[in-house]
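**Student:** JSON, C-alpha atoms, file work.json:
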[["chain", "number", "residue", "atom", "x", "y", "z"],
["A", 1, "MET", "CA", 19.52, 8.88, 1.81],
["A", 2, "SER", "CA", 21.36, 9.41, -1.45],
["A", 3, "ASN", "CA", 22.57, 12.98, -1.83],
["A", 4, "PHE", "CA", 21.62, 12.79, -5.49],
["A", 5, "TYR", "CA", 17.90, 12.42, -4.74],
["A", 6, "LYS", "CA", 18.18, 14.79, -1.79],
["A", 7, "ASP", "CA", 19.63, 17.40, -4.17],
["A", 8, "LEU", "CA", 16.75, 16.90, -6.62],
["A", 9, "GLU", "CA", 14.14, 17.78, -3.98],
["A", 10, "ALA", "CA", 14.49, 21.52, -4.54],
["A", 11, "GLN", "CA", 14.62, 21.24, -8.33],
["A", 12, "LYS", "CA", 11.72, 22.44, -10.44],
["A", 13, "LYS", "CA", 9.38, 20.56, -12.77],
["A", 14, "GLY", "CA", 11.13, 19.94, -16.08],
["A", 15, "GLN", "CA", 14.60, 19.41, -14.61],
["A", 16, "THR", "CA", 16.29, 16.43, -16.28],
["A", 17, "THR", "CA", 19.24, 14.15, -15.44],
["A", 18, "GLU", "CA", 21.01, 11.35, -17.27],
["A", 19, "LEU", "CA", 19.43, 7.91, -16.94],
["A", 20, "SER", "CA", 22.65, 6.17, -15.89],
["A", 21, "THR", "CA", 23.14, 8.55, -12.96],
["A", 22, "ALA", "CA", 19.50, 8.24, -11.88],
["A", 23, "LEU", "CA", 19.68, 4.43, -11.87],
["A", 24, "ASN", "CA", 23.10, 4.24, -10.20],
["A", 25, "GLU", "CA", 21.86, 6.48, -7.39],
["A", 26, "LEU", "CA", 18.70, 4.48, -6.63],
["A", 27, "LYS", "CA", 18.73, 3.07, -3.12],
["A", 28, "PHE", "CA", 18.72, -0.70, -3.58],
["A", 29, "ASN", "CA", 18.53, -2.89, -0.46],
["A", 30, "ASP", "CA", 21.28, -5.28, 0.62],
["A", 31, "ALA", "CA", 20.02, -7.82, -1.90],
["A", 32, "GLY", "CA", 20.29, -5.24, -4.70],
["A", 33, "LEU", "CA", 16.51, -4.87, -4.94],
["A", 34, "ILE", "CA", 14.03, -1.98, -4.85],
["A", 35, "PRO", "CA", 10.26, -2.30, -4.31],
["A", 36, "ALA", "CA", 8.11, -1.56, -7.36],
["A", 37, "ILE", "CA", 4.42, -0.71, -7.09],
["A", 38, "ALA", "CA", 2.43, -1.58, -10.22],
["A", 39, "GLN", "CA", -0.58, 0.63, -10.93],
["A", 40, "GLN", "CA", -3.06, 0.35, -13.80],
["A", 41, "HIS", "CA", -2.43, 3.63, -15.62],
["A", 42, "ASP", "CA", -6.02, 4.61, -16.46],
["A", 43, "THR", "CA", -8.15, 3.28, -13.60],
["A", 44, "GLY", "CA", -5.60, 3.91, -10.85],
["A", 45, "GLU", "CA", -5.96, 0.39, -9.40],
["A", 46, "VAL", "CA", -2.90, -0.63, -7.40],
["A", 47, "LEU", "CA", -2.34, -4.09, -8.85],
["A", 48, "MET", "CA", 0.63, -5.56, -6.95],
["A", 49, "MET", "CA", 4.00, -4.85, -5.42],
["A", 50, "ALA", "CA", 7.12, -6.74, -6.44],
["A", 51, "TRP", "CA", 10.88, -6.15, -6.58],
["A", 52, "MET", "CA", 13.29, -5.05, -9.29],
["A", 53, "ASN", "CA", 17.06, -4.98, -9.58],
["A", 54, "LYS", "CA", 18.97, -2.55, -11.78],
["A", 55, "GLN", "CA", 19.04, -4.95, -14.72],
["A", 56, "SER", "CA", 15.28, -5.60, -14.60],
["A", 57, "ILE", "CA", 14.64, -1.84, -14.54],
["A", 58, "GLU", "CA", 16.86, -1.41, -17.61],
["A", 59, "GLU", "CA", 15.13, -4.29, -19.39],
["A", 60, "THR", "CA", 11.69, -2.85, -18.57],
["A", 61, "LEU", "CA", 12.65, 0.56, -19.97],
["A", 62, "GLU", "CA", 14.22, -1.04, -23.05],
["A", 63, "THR", "CA", 11.47, -3.52, -23.95],
["A", 64, "GLY", "CA", 8.38, -1.71, -22.64],
["A", 65, "HIS", "CA", 7.31, -4.91, -20.85],
["A", 66, "VAL", "CA", 7.62, -5.03, -17.08],
["A", 67, "CYS", "CA", 10.33, -7.32, -15.72],
["A", 68, "TYR", "CA", 10.73, -7.94, -11.98],
["A", 69, "TRP", "CA", 13.18, -9.96, -9.94],
["A", 70, "SER", "CA", 11.55, -12.97, -8.30],
["A", 71, "ARG", "CA", 12.90, -13.44, -4.79],
["A", 72, "SER", "CA", 11.37, -16.91, -4.50],
["A", 73, "ARG", "CA", 12.75, -18.15, -7.82],
["A", 74, "ASN", "CA", 15.93, -16.01, -7.63],
["A", 75, "ASN", "CA", 15.59, -15.10, -11.27],
["A", 76, "TYR", "CA", 14.13, -12.53, -13.64],
["A", 77, "TRP", "CA", 10.35, -12.52, -13.64],
["A", 78, "ARG", "CA", 9.03, -11.30, -16.95],
["A", 79, "LYS", "CA", 5.46, -10.66, -15.90],
["A", 80, "GLY", "CA", 3.07, -12.68, -18.03],
["A", 81, "GLU", "CA", 5.78, -14.92, -19.49],
["A", 82, "SER", "CA", 3.94, -18.05, -18.41],
["A", 83, "SER", "CA", 0.43, -16.69, -17.80],
["A", 84, "GLY", "CA", 0.19, -14.42, -20.83],
["A", 85, "ASN", "CA", -0.91, -11.59, -18.54],
["A", 86, "GLN", "CA", 1.77, -9.10, -19.52],
["A", 87, "GLN", "CA", 2.24, -5.63, -18.09],
["A", 88, "THR", "CA", 2.99, -3.04, -20.75],
["A", 89, "LEU", "CA", 4.97, -0.13, -19.36],
["A", 90, "ILE", "CA", 3.28, 3.27, -19.52],
["A", 91, "SER", "CA", 5.62, 5.21, -17.21],
["A", 92, "MET", "CA", 8.02, 4.69, -14.31],
["A", 93, "SER", "CA", 8.97, 7.02, -11.48],
["A", 94, "THR", "CA", 10.87, 6.95, -8.23],
["A", 95, "ASP", "CA", 10.11, 8.73, -5.01],
["A", 96, "CYS", "CA", 11.84, 11.56, -3.15],
["A", 97, "ASP", "CA", 14.22, 9.16, -1.42],
["A", 98, "GLY", "CA", 15.00, 7.11, -4.54],
["A", 99, "ASP", "CA", 14.08, 3.93, -2.69],
["A", 100, "THR", "CA", 10.73, 2.94, -4.22],
["A", 101, "LEU", "CA", 9.47, 2.72, -7.81],
["A", 102, "LEU", "CA", 5.97, 3.38, -9.10],
["A", 103, "VAL", "CA", 5.34, 1.63, -12.42],
["A", 104, "LYS", "CA", 2.23, 2.64, -14.35],
["A", 105, "VAL", "CA", 1.22, -0.21, -16.61],
["A", 106, "ASN", "CA", -1.43, -1.59, -18.85],
["A", 107, "GLN", "CA", -2.23, -4.95, -17.26],
["A", 108, "LYS", "CA", -3.67, -7.70, -19.43],
["A", 109, "GLY", "CA", -6.13, -9.81, -17.44],
["A", 110, "ALA", "CA", -5.38, -10.73, -13.85],
["A", 111, "ALA", "CA", -2.30, -9.28, -12.16],
["A", 112, "CYS", "CA", -2.55, -11.70, -9.24],
["A", 113, "HIS", "CA", -1.49, -15.35, -9.42],
["A", 114, "THR", "CA", -4.82, -16.22, -7.73],
["A", 115, "GLY", "CA", -6.59, -15.03, -10.89],
["A", 116, "ARG", "CA", -7.85, -11.86, -9.24],
["A", 117, "ARG", "CA", -7.40, -8.54, -10.99],
["A", 118, "ASP", "CA", -5.13, -7.25, -8.20],
["A", 119, "CYS", "CA", -3.37, -8.73, -5.19],
["A", 120, "PHE", "CA", -4.95, -6.52, -2.50],
["A", 121, "TYR", "CA", -8.15, -8.49, -1.91],
["A", 122, "ASN", "CA", -7.63, -9.08, 1.83],
["A", 123, "GLU", "CA", -9.34, -6.08, 3.39],
["A", 124, "ILE", "CA", -8.41, -5.45, 7.03],
["A", 125, "SER", "CA", -10.51, -3.43, 9.46],
["A", 126, "LYS", "CA", -11.23, -3.37, 13.17],
["A", 127, "ASP", "CA", -13.82, -6.07, 12.46],
["A", 128, "GLY", "CA", -11.29, -8.48, 10.96],
["A", 129, "LEU", "CA", -10.09, -9.62, 7.55],
["A", 130, "HIS", "CA", -12.63, -9.67, 4.74],
["A", 131, "ILE", "CA", -11.98, -10.99, 1.20],
["A", 132, "ASN", "CA", -13.32, -8.35, -1.17],
["A", 133, "SER", "CA", -12.95, -9.85, -4.66],
["A", 134, "ASP", "CA", -13.16, -13.09, -6.61],
["A", 135, "PRO", "CA", -10.91, -14.32, -9.44],
["A", 136, "ILE", "CA", -11.59, -13.02, -12.96],
["A", 137, "GLN", "CA", -9.59, -15.92, -14.41],
["A", 138, "ASP", "CA", -9.20, -19.52, -13.26],
["A", 139, "PRO", "CA", -5.71, -19.71, -11.70],
["A", 140, "ASN", "CA", -5.41, -23.29, -12.97],
["A", 141, "ASP", "CA", -5.63, -21.95, -16.52],
["A", 142, "LEU", "CA", -3.00, -19.24, -15.86],
["A", 143, "TYR", "CA", -0.04, -21.41, -15.01],
["A", 144, "LYS", "CA", 0.49, -24.63, -16.85],
["A", 145, "LYS", "CA", 4.03, -25.05, -15.58],
["A", 146, "VAL", "CA", 5.26, -22.49, -13.08],
["A", 147, "LYS", "CA", 3.87, -19.64, -11.05],
["A", 148, "SER", "CA", 5.06, -16.43, -12.69],
["B", 149, "MET", "CA", 4.85, -17.55, 2.47],
["B", 150, "SER", "CA", 2.50, -17.80, 5.43],
["B", 151, "ASN", "CA", 0.17, -20.78, 5.10],
["B", 152, "PHE", "CA", -2.59, -18.59, 6.47],
["B", 153, "TYR", "CA", -2.57, -16.25, 3.47],
["B", 154, "LYS", "CA", -1.87, -19.16, 1.13],
["B", 155, "ASP", "CA", -5.01, -20.85, 2.47],
["B", 156, "LEU", "CA", -7.08, -17.68, 1.88],
["B", 157, "GLU", "CA", -6.22, -17.61, -1.83],
["B", 158, "ALA", "CA", -8.97, -20.06, -2.74],
["B", 159, "GLN", "CA", -11.57, -18.46, -0.47],
["B", 160, "LYS", "CA", -14.48, -16.52, -1.90],
["B", 161, "LYS", "CA", -15.45, -12.87, -1.62],
["B", 162, "GLY", "CA", -17.14, -12.26, 1.73],
["B", 163, "GLN", "CA", -15.02, -14.76, 3.68],
["B", 164, "THR", "CA", -13.98, -13.26, 7.02],
["B", 165, "THR", "CA", -11.28, -14.00, 9.62],
["B", 166, "GLU", "CA", -10.47, -12.60, 13.06],
["B", 167, "LEU", "CA", -8.33, -9.46, 13.07],
["B", 168, "SER", "CA", -5.77, -10.80, 15.56],
["B", 169, "THR", "CA", -5.06, -13.84, 13.37],
["B", 170, "ALA", "CA", -4.79, -11.72, 10.21],
["B", 171, "LEU", "CA", -2.28, -9.36, 11.85],
["B", 172, "ASN", "CA", -0.25, -12.10, 13.52],
["B", 173, "GLU", "CA", 0.12, -13.88, 10.19],
["B", 174, "LEU", "CA", 1.35, -10.83, 8.24],
["B", 175, "LYS", "CA", 4.86, -11.33, 6.89],
["B", 176, "PHE", "CA", 6.95, -8.67, 8.62],
["B", 177, "ASN", "CA", 10.62, -8.36, 7.64],
["B", 178, "ASP", "CA", 13.50, -9.02, 10.02],
["B", 179, "ALA", "CA", 13.03, -5.52, 11.49],
["B", 180, "GLY", "CA", 9.35, -6.27, 12.21],
["B", 181, "LEU", "CA", 8.18, -3.99, 9.40],
["B", 182, "ILE", "CA", 5.90, -4.31, 6.38],
["B", 183, "PRO", "CA", 5.75, -1.88, 3.44],
["B", 184, "ALA", "CA", 2.58, 0.23, 3.22],
["B", 185, "ILE", "CA", 1.49, 1.97, 0.02],
["B", 186, "ALA", "CA", -0.66, 5.06, 0.63],
["B", 187, "GLN", "CA", -3.21, 5.83, -2.08],
["B", 188, "GLN", "CA", -5.64, 8.75, -2.22],
["B", 189, "HIS", "CA", -8.98, 6.93, -2.04],
["B", 190, "ASP", "CA", -10.94, 8.94, -4.62],
["B", 191, "THR", "CA", -8.41, 10.06, -7.24],
["B", 192, "GLY", "CA", -6.28, 6.89, -7.12],
["B", 193, "GLU", "CA", -3.00, 8.85, -6.78],
["B", 194, "VAL", "CA", -0.26, 6.75, -5.23],
["B", 195, "LEU", "CA", 1.02, 9.22, -2.64],
["B", 196, "MET", "CA", 3.96, 7.51, -0.93],
["B", 197, "MET", "CA", 5.33, 4.27, 0.44],
["B", 198, "ALA", "CA", 6.40, 3.89, 4.04],
["B", 199, "TRP", "CA", 6.68, 1.14, 6.65],
["B", 200, "MET", "CA", 4.45, -0.07, 9.48],
["B", 201, "ASN", "CA", 4.95, -2.43, 12.38],
["B", 202, "LYS", "CA", 2.15, -4.37, 14.03],
["B", 203, "GLN", "CA", 1.56, -1.68, 16.64],
["B", 204, "SER", "CA", 1.30, 1.11, 14.07],
["B", 205, "ILE", "CA", -1.22, -0.96, 12.08],
["B", 206, "GLU", "CA", -3.30, -1.47, 15.22],
["B", 207, "GLU", "CA", -3.11, 2.25, 16.07],
["B", 208, "THR", "CA", -4.12, 3.20, 12.52],
["B", 209, "LEU", "CA", -7.17, 0.91, 12.66],
["B", 210, "GLU", "CA", -8.09, 2.16, 16.13],
["B", 211, "THR", "CA", -7.71, 5.91, 15.58],
["B", 212, "GLY", "CA", -8.52, 6.20, 11.87],
["B", 213, "HIS", "CA", -5.35, 8.27, 11.36],
["B", 214, "VAL", "CA", -2.44, 6.66, 9.58],
["B", 215, "CYS", "CA", 0.60, 5.87, 11.74],
["B", 216, "TYR", "CA", 3.82, 4.54, 10.20],
["B", 217, "TRP", "CA", 7.12, 3.46, 11.70],
["B", 218, "SER", "CA", 9.95, 5.84, 10.80],
["B", 219, "ARG", "CA", 13.11, 3.88, 10.06],
["B", 220, "SER", "CA", 15.26, 7.03, 10.15],
["B", 221, "ARG", "CA", 13.89, 8.26, 13.47],
["B", 222, "ASN", "CA", 13.30, 4.75, 14.87],
["B", 223, "ASN", "CA", 9.96, 5.82, 16.24],
["B", 224, "TYR", "CA", 6.25, 6.01, 15.46],
["B", 225, "TRP", "CA", 5.49, 8.42, 12.65],
["B", 226, "ARG", "CA", 1.98, 9.79, 13.02],
["B", 227, "LYS", "CA", 1.62, 11.26, 9.56],
["B", 228, "GLY", "CA", 0.87, 14.97, 9.79],
["B", 229, "GLU", "CA", 1.79, 15.25, 13.47],
["B", 230, "SER", "CA", 4.24, 18.08, 12.79],
["B", 231, "SER", "CA", 3.11, 19.21, 9.31],
["B", 232, "GLY", "CA", -0.64, 19.08, 9.89],
["B", 233, "ASN", "CA", -1.00, 17.03, 6.70],
["B", 234, "GLN", "CA", -2.79, 14.07, 8.22],
["B", 235, "GLN", "CA", -3.87, 10.93, 6.42],
["B", 236, "THR", "CA", -7.35, 9.80, 7.40],
["B", 237, "LEU", "CA", -7.82, 6.07, 6.93],
["B", 238, "ILE", "CA", -10.47, 5.02, 4.43],
["B", 239, "SER", "CA", -9.55, 1.32, 4.10],
["B", 240, "MET", "CA", -6.59, -1.04, 4.49],
["B", 241, "SER", "CA", -5.83, -4.29, 2.73],
["B", 242, "THR", "CA", -3.01, -6.76, 2.36],
["B", 243, "ASP", "CA", -1.93, -8.72, -0.68],
["B", 244, "CYS", "CA", -2.05, -12.40, -1.55],
["B", 245, "ASP", "CA", 1.26, -13.07, 0.23],
["B", 246, "GLY", "CA", 0.44, -10.99, 3.32],
["B", 247, "ASP", "CA", 3.69, -9.05, 2.89],
["B", 248, "THR", "CA", 2.52, -5.63, 1.64],
["B", 249, "LEU", "CA", -0.24, -3.25, 2.78],
["B", 250, "LEU", "CA", -2.33, -0.91, 0.65],
["B", 251, "VAL", "CA", -3.76, 1.94, 2.70],
["B", 252, "LYS", "CA", -6.47, 4.06, 1.07],
["B", 253, "VAL", "CA", -6.50, 7.46, 2.70],
["B", 254, "ASN", "CA", -7.79, 10.98, 2.53],
["B", 255, "GLN", "CA", -4.59, 13.05, 2.39],
["B", 256, "LYS", "CA", -4.72, 16.63, 3.63],
["B", 257, "GLY", "CA", -2.36, 18.82, 1.55],
["B", 258, "ALA", "CA", 1.01, 17.51, 0.48],
["B", 259, "ALA", "CA", 1.94, 13.89, 1.25],
["B", 260, "CYS", "CA", 5.61, 14.48, 0.42],
["B", 261, "HIS", "CA", 8.04, 16.25, 2.75],
["B", 262, "THR", "CA", 9.18, 18.31, -0.29],
["B", 263, "GLY", "CA", 5.73, 19.92, -0.32],
["B", 264, "ARG", "CA", 4.63, 17.99, -3.41],
["B", 265, "ARG", "CA", 1.29, 16.24, -3.42],
["B", 266, "ASP", "CA", 2.97, 12.83, -3.82],
["B", 267, "CYS", "CA", 6.51, 11.46, -3.58],
["B", 268, "PHE", "CA", 6.73, 9.96, -7.10],
["B", 269, "TYR", "CA", 7.79, 13.09, -8.99],
["B", 270, "ASN", "CA", 11.04, 11.67, -10.42],
["B", 271, "GLU", "CA", 9.91, 10.19, -13.73],
["B", 272, "ILE", "CA", 12.36, 7.72, -15.29],
["B", 273, "SER", "CA", 12.43, 6.81, -18.97],
["B", 274, "LYS", "CA", 14.98, 5.77, -21.56],
["B", 275, "ASP", "CA", 15.68, 9.49, -21.99],
["B", 276, "GLY", "CA", 16.64, 10.01, -18.35],
["B", 277, "LEU", "CA", 15.11, 11.35, -15.16],
["B", 278, "HIS", "CA", 12.56, 14.14, -15.46],
["B", 279, "ILE", "CA", 10.95, 15.97, -12.53],
["B", 280, "ASN", "CA", 7.22, 16.06, -13.24],
["B", 281, "SER", "CA", 5.69, 18.17, -10.47],
["B", 282, "ASP", "CA", 6.31, 21.19, -8.26],
["B", 283, "PRO", "CA", 5.46, 21.66, -4.57],
["B", 284, "ILE", "CA", 1.90, 22.64, -3.66],
["B", 285, "GLN", "CA", 3.10, 23.83, -0.24],
["B", 286, "ASP", "CA", 6.35, 25.47, 0.84],
["B", 287, "PRO", "CA", 8.33, 22.73, 2.64],
["B", 288, "ASN", "CA", 9.75, 25.39, 4.96],
["B", 289, "ASP", "CA", 6.24, 26.05, 6.21],
["B", 290, "LEU", "CA", 5.50, 22.35, 6.72],
["B", 291, "TYR", "CA", 8.14, 21.52, 9.30],
["B", 292, "LYS", "CA", 8.97, 24.00, 11.98],
["B", 293, "LYS", "CA", 10.87, 21.49, 14.07],
["B", 294, "VAL", "CA", 11.31, 18.03, 12.61],
["B", 295, "LYS", "CA", 10.64, 16.27, 9.33],
["B", 296, "SER", "CA", 7.59, 14.08, 9.87]]
Show how you would write the structure in this file as structure tokens.
**Tutor:**
Amino acid sequence: MSNFYKDLEAQKKGQTTELSTALNELKFNDAGLIPAIAQQHDTGEVLMMAWMNKQSIEETLETGHVCYWSRSRNNYWRKGESSGNQQTLISMSTDCDGDTLLVKVNQKGAACHTGRRDCFYNEISKDGLHINSDPIQDPNDLYKKVKS
Amino acid sequence: MSNFYKDLEAQKKGQTTELSTALNELKFNDAGLIPAIAQQHDTGEVLMMAWMNKQSIEETLETGHVCYWSRSRNNYWRKGESSGNQQTLISMSTDCDGDTLLVKVNQKGAACHTGRRDCFYNEISKDGLHINSDPIQDPNDLYKKVKS
């Protein structure tokens, strides 16, 4: 664990630190990525989890539109770039260990590439897996060219 | 991506599958782990993110108490075992890719080892890092022996 985030644990509400230090001390994995949980800011829905690198975090903070790093496309993933379903940044935070981000957003339309509002539609219980939602948009209308 | 979860994308609400197949087809990383987001079921607070292996998922479903895999201790992490701050399972789901879990829980007391309700107290903006909450429990009272 980074000593920087360890040292913050005992700090009080209101304590501030420079952005560059906070970002440099985040615990990225070997691929330079950190998991980012996207949550709809007002309803609390957990929409999706994706990955960011340092540059996509900086772009997100700068533009106010959420930018991930796509592991499958090995490129920046500006959410909604092809689908139109942008995520507007409301706030961003990192956890006690500095190894996970929580991004509160305003999600336009479906967050999931299947056209569902969120990605967590596969409910798992002792009785098995149960799909608990249907698309709110036709996925064929979301992506004319590429999956975003 | 697993073809199993890919094939579920076009299925309708209510579709069910056997538990053993759903768990076998989850996309665990090279260490056999999958990230699990814990969310307070009624308020929507995102409390923490940790990791599970297949056995800890099965235990969680069986007992109704959330069990993670601790990467630092290389052992099962039965949340609340030493602190008393258990997470009771309300529901579990996985995302479209089958590579992330969302666990809705009822969290007793503080979820964070710092004594804060949740782990995401380090708010990050263009202006820097800003601590946005204080502990609700004294961390020295939470762990008499080991950090859980």
**Student:** Kindly give the distance, in Å, that separates CA of Gly232 (chain B) and CA of Ala259 (chain B), rounded to a single decimal.
**Tutor:** 10.4 Å
**Student:** Please list as an MDAnalysis selection string every residue within 10 Å of Asp190 (chain B), counting only C-alpha atoms and excluding residues in the same chain fewer than 5 positions away.
**Tutor:** (chainID A and resid 44) or (chainID B and resid 238 252:254)
**Student:** Save out the residues we just selected, C-alpha atoms, as a PDB file, keeping the file's coordinate frame.
**Tutor:**
ATOM      1  CA  GLY A  44      -5.600   3.910 -10.850  1.00  0.00           C
TER       2      GLY A  44
ATOM      3  CA  ILE B 238     -10.470   5.020   4.430  1.00  0.00           C
ATOM      4  CA  LYS B 252      -6.470   4.060   1.070  1.00  0.00           C
ATOM      5  CA  VAL B 253      -6.500   7.460   2.700  1.00  0.00           C
ATOM      6  CA  ASN B 254      -7.790  10.980   2.530  1.00  0.00           C
TER       7      ASN B 254
END
**Student:** Which polymer residues have any atom within 12 Å of an atom of Thr17 (chain A), counting all atoms listed in the file, with same-chain residues fewer than 3 positions away left out, as a PyMOL selection string?
**Tutor:** (chain A and resi 4-5+7-8+11+14+20-25) or (chain B and resi 270-279)
**Student:** Give the superposed chain B as a short mmCIF file (atom, residue, chain, number, x, y, z; two decimals) with C-alpha atoms, in the coordinates of the input, the fit being least squares on chain A over all ordered C-alpha pairs.
**Tutor:**
data_model
loop_
_atom_site.label_atom_id
_atom_site.label_comp_id
_atom_site.auth_asym_id
_atom_site.auth_seq_id
_atom_site.Cartn_x
_atom_site.Cartn_y
_atom_site.Cartn_z
CA MET B 149 19.49 8.88 1.78
CA SER B 150 21.36 9.39 -1.48
CA ASN B 151 22.58 12.97 -1.83
CA PHE B 152 21.62 12.78 -5.48
CA TYR B 153 17.90 12.43 -4.75
CA LYS B 154 18.20 14.80 -1.80
CA ASP B 155 19.64 17.41 -4.18
CA LEU B 156 16.75 16.91 -6.63
CA GLU B 157 14.14 17.78 -3.99
CA ALA B 158 14.50 21.51 -4.55
CA GLN B 159 14.62 21.25 -8.34
CA LYS B 160 11.73 22.43 -10.47
CA LYS B 161 9.38 20.56 -12.78
CA GLY B 162 11.11 19.93 -16.11
CA GLN B 163 14.59 19.42 -14.63
CA THR B 164 16.29 16.44 -16.29
CA THR B 165 19.23 14.15 -15.43
CA GLU B 166 21.02 11.35 -17.27
CA LEU B 167 19.43 7.92 -16.95
CA SER B 168 22.64 6.15 -15.90
CA THR B 169 23.13 8.54 -12.97
CA ALA B 170 19.49 8.24 -11.88
CA LEU B 171 19.68 4.43 -11.86
CA ASN B 172 23.09 4.24 -10.20
CA GLU B 173 21.86 6.48 -7.39
CA LEU B 174 18.70 4.47 -6.63
CA LYS B 175 18.73 3.07 -3.10
CA PHE B 176 18.71 -0.70 -3.56
CA ASN B 177 18.52 -2.89 -0.45
CA ASP B 178 21.28 -5.26 0.63
CA ALA B 179 20.01 -7.82 -1.91
CA GLY B 180 20.29 -5.24 -4.72
CA LEU B 181 16.51 -4.86 -4.94
CA ILE B 182 14.03 -1.98 -4.84
CA PRO B 183 10.27 -2.31 -4.30
CA ALA B 184 8.11 -1.55 -7.35
CA ILE B 185 4.41 -0.72 -7.08
CA ALA B 186 2.43 -1.59 -10.23
CA GLN B 187 -0.58 0.63 -10.92
CA GLN B 188 -3.06 0.35 -13.79
CA HIS B 189 -2.42 3.63 -15.63
CA ASP B 190 -6.01 4.60 -16.46
CA THR B 191 -8.16 3.27 -13.60
CA GLY B 192 -5.59 3.92 -10.84
CA GLU B 193 -5.95 0.39 -9.39
CA VAL B 194 -2.90 -0.63 -7.39
CA LEU B 195 -2.33 -4.09 -8.84
CA MET B 196 0.62 -5.55 -6.94
CA MET B 197 4.00 -4.86 -5.40
CA ALA B 198 7.11 -6.73 -6.43
CA TRP B 199 10.87 -6.15 -6.57
CA MET B 200 13.29 -5.04 -9.28
CA ASN B 201 17.05 -4.98 -9.57
CA LYS B 202 18.95 -2.55 -11.77
CA GLN B 203 19.02 -4.96 -14.70
CA SER B 204 15.27 -5.60 -14.59
CA ILE B 205 14.64 -1.83 -14.53
CA GLU B 206 16.86 -1.40 -17.58
CA GLU B 207 15.12 -4.29 -19.38
CA THR B 208 11.69 -2.85 -18.56
CA LEU B 209 12.66 0.56 -19.97
CA GLU B 210 14.22 -1.03 -23.05
CA THR B 211 11.47 -3.51 -23.95
CA GLY B 212 8.39 -1.71 -22.63
CA HIS B 213 7.31 -4.90 -20.84
CA VAL B 214 7.63 -5.03 -17.08
CA CYS B 215 10.34 -7.33 -15.71
CA TYR B 216 10.71 -7.93 -11.97
CA TRP B 217 13.18 -9.95 -9.93
CA SER B 218 11.55 -12.98 -8.30
CA ARG B 219 12.90 -13.44 -4.79
CA SER B 220 11.37 -16.92 -4.50
CA ARG B 221 12.74 -18.16 -7.82
CA ASN B 222 15.92 -16.04 -7.63
CA ASN B 223 15.57 -15.12 -11.26
CA TYR B 224 14.12 -12.54 -13.65
CA TRP B 225 10.35 -12.51 -13.62
CA ARG B 226 9.03 -11.29 -16.95
CA LYS B 227 5.46 -10.64 -15.90
CA GLY B 228 3.08 -12.67 -18.05
CA GLU B 229 5.79 -14.90 -19.50
CA SER B 230 3.96 -18.06 -18.44
CA SER B 231 0.44 -16.69 -17.81
CA GLY B 232 0.20 -14.42 -20.84
CA ASN B 233 -0.90 -11.58 -18.55
CA GLN B 234 1.77 -9.10 -19.53
CA GLN B 235 2.25 -5.64 -18.09
CA THR B 236 3.01 -3.04 -20.74
CA LEU B 237 4.98 -0.12 -19.35
CA ILE B 238 3.28 3.27 -19.52
CA SER B 239 5.61 5.22 -17.20
CA MET B 240 8.02 4.70 -14.29
CA SER B 241 8.97 7.02 -11.48
CA THR B 242 10.86 6.96 -8.22
CA ASP B 243 10.11 8.75 -4.99
CA CYS B 244 11.82 11.57 -3.14
CA ASP B 245 14.23 9.17 -1.41
CA GLY B 246 15.00 7.11 -4.53
CA ASP B 247 14.08 3.92 -2.67
CA THR B 248 10.71 2.94 -4.20
CA LEU B 249 9.46 2.72 -7.80
CA LEU B 250 5.96 3.38 -9.10
CA VAL B 251 5.34 1.63 -12.41
CA LYS B 252 2.23 2.65 -14.35
CA VAL B 253 1.23 -0.20 -16.61
CA ASN B 254 -1.43 -1.60 -18.86
CA GLN B 255 -2.23 -4.96 -17.25
CA LYS B 256 -3.65 -7.70 -19.44
CA GLY B 257 -6.12 -9.83 -17.43
CA ALA B 258 -5.39 -10.73 -13.85
CA ALA B 259 -2.30 -9.27 -12.15
CA CYS B 260 -2.55 -11.70 -9.22
CA HIS B 261 -1.49 -15.35 -9.41
CA THR B 262 -4.83 -16.22 -7.72
CA GLY B 263 -6.59 -15.03 -10.89
CA ARG B 264 -7.84 -11.84 -9.24
CA ARG B 265 -7.39 -8.54 -11.00
CA ASP B 266 -5.14 -7.24 -8.19
CA CYS B 267 -3.37 -8.73 -5.17
CA PHE B 268 -4.95 -6.49 -2.49
CA TYR B 269 -8.15 -8.47 -1.91
CA ASN B 270 -7.63 -9.08 1.83
CA GLU B 271 -9.34 -6.07 3.40
CA ILE B 272 -8.40 -5.42 7.04
CA SER B 273 -10.51 -3.42 9.47
CA LYS B 274 -11.23 -3.36 13.18
CA ASP B 275 -13.81 -6.07 12.46
CA GLY B 276 -11.27 -8.47 10.96
CA LEU B 277 -10.10 -9.62 7.55
CA HIS B 278 -12.63 -9.68 4.74
CA ILE B 279 -11.98 -10.99 1.22
CA ASN B 280 -13.31 -8.36 -1.17
CA SER B 281 -12.94 -9.85 -4.66
CA ASP B 282 -13.14 -13.09 -6.61
CA PRO B 283 -10.89 -14.31 -9.44
CA ILE B 284 -11.57 -13.01 -12.95
CA GLN B 285 -9.58 -15.92 -14.41
CA ASP B 286 -9.19 -19.52 -13.26
CA PRO B 287 -5.70 -19.72 -11.71
CA ASN B 288 -5.42 -23.29 -12.99
CA ASP B 289 -5.63 -21.95 -16.52
CA LEU B 290 -3.02 -19.26 -15.88
CA TYR B 291 -0.05 -21.45 -15.02
CA LYS B 292 0.49 -24.66 -16.86
CA LYS B 293 4.03 -25.08 -15.61
CA VAL B 294 5.28 -22.53 -13.12
CA LYS B 295 3.86 -19.65 -11.11
CA SER B 296 5.06 -16.46 -12.79
#
**Student:** So that I can check the surroundings of Thr236 (chain B), please list as a list in words every protein, DNA and RNA residue that reaches within 12 Å of it, counting all atoms listed in the file and ignoring chain neighbours fewer than 6 positions away.
**Tutor:**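 Those residues are Ala186, Gln187, Gln188, His189, Thr208, Leu209, Glu210, Thr211, Gly212, His213, Val214, Cys215, Arg226, Lys227, Gly228, Val251, Lys252, Val253, Asn254, Gln255, Lys256, Gly257 and Ala259 of chain B.
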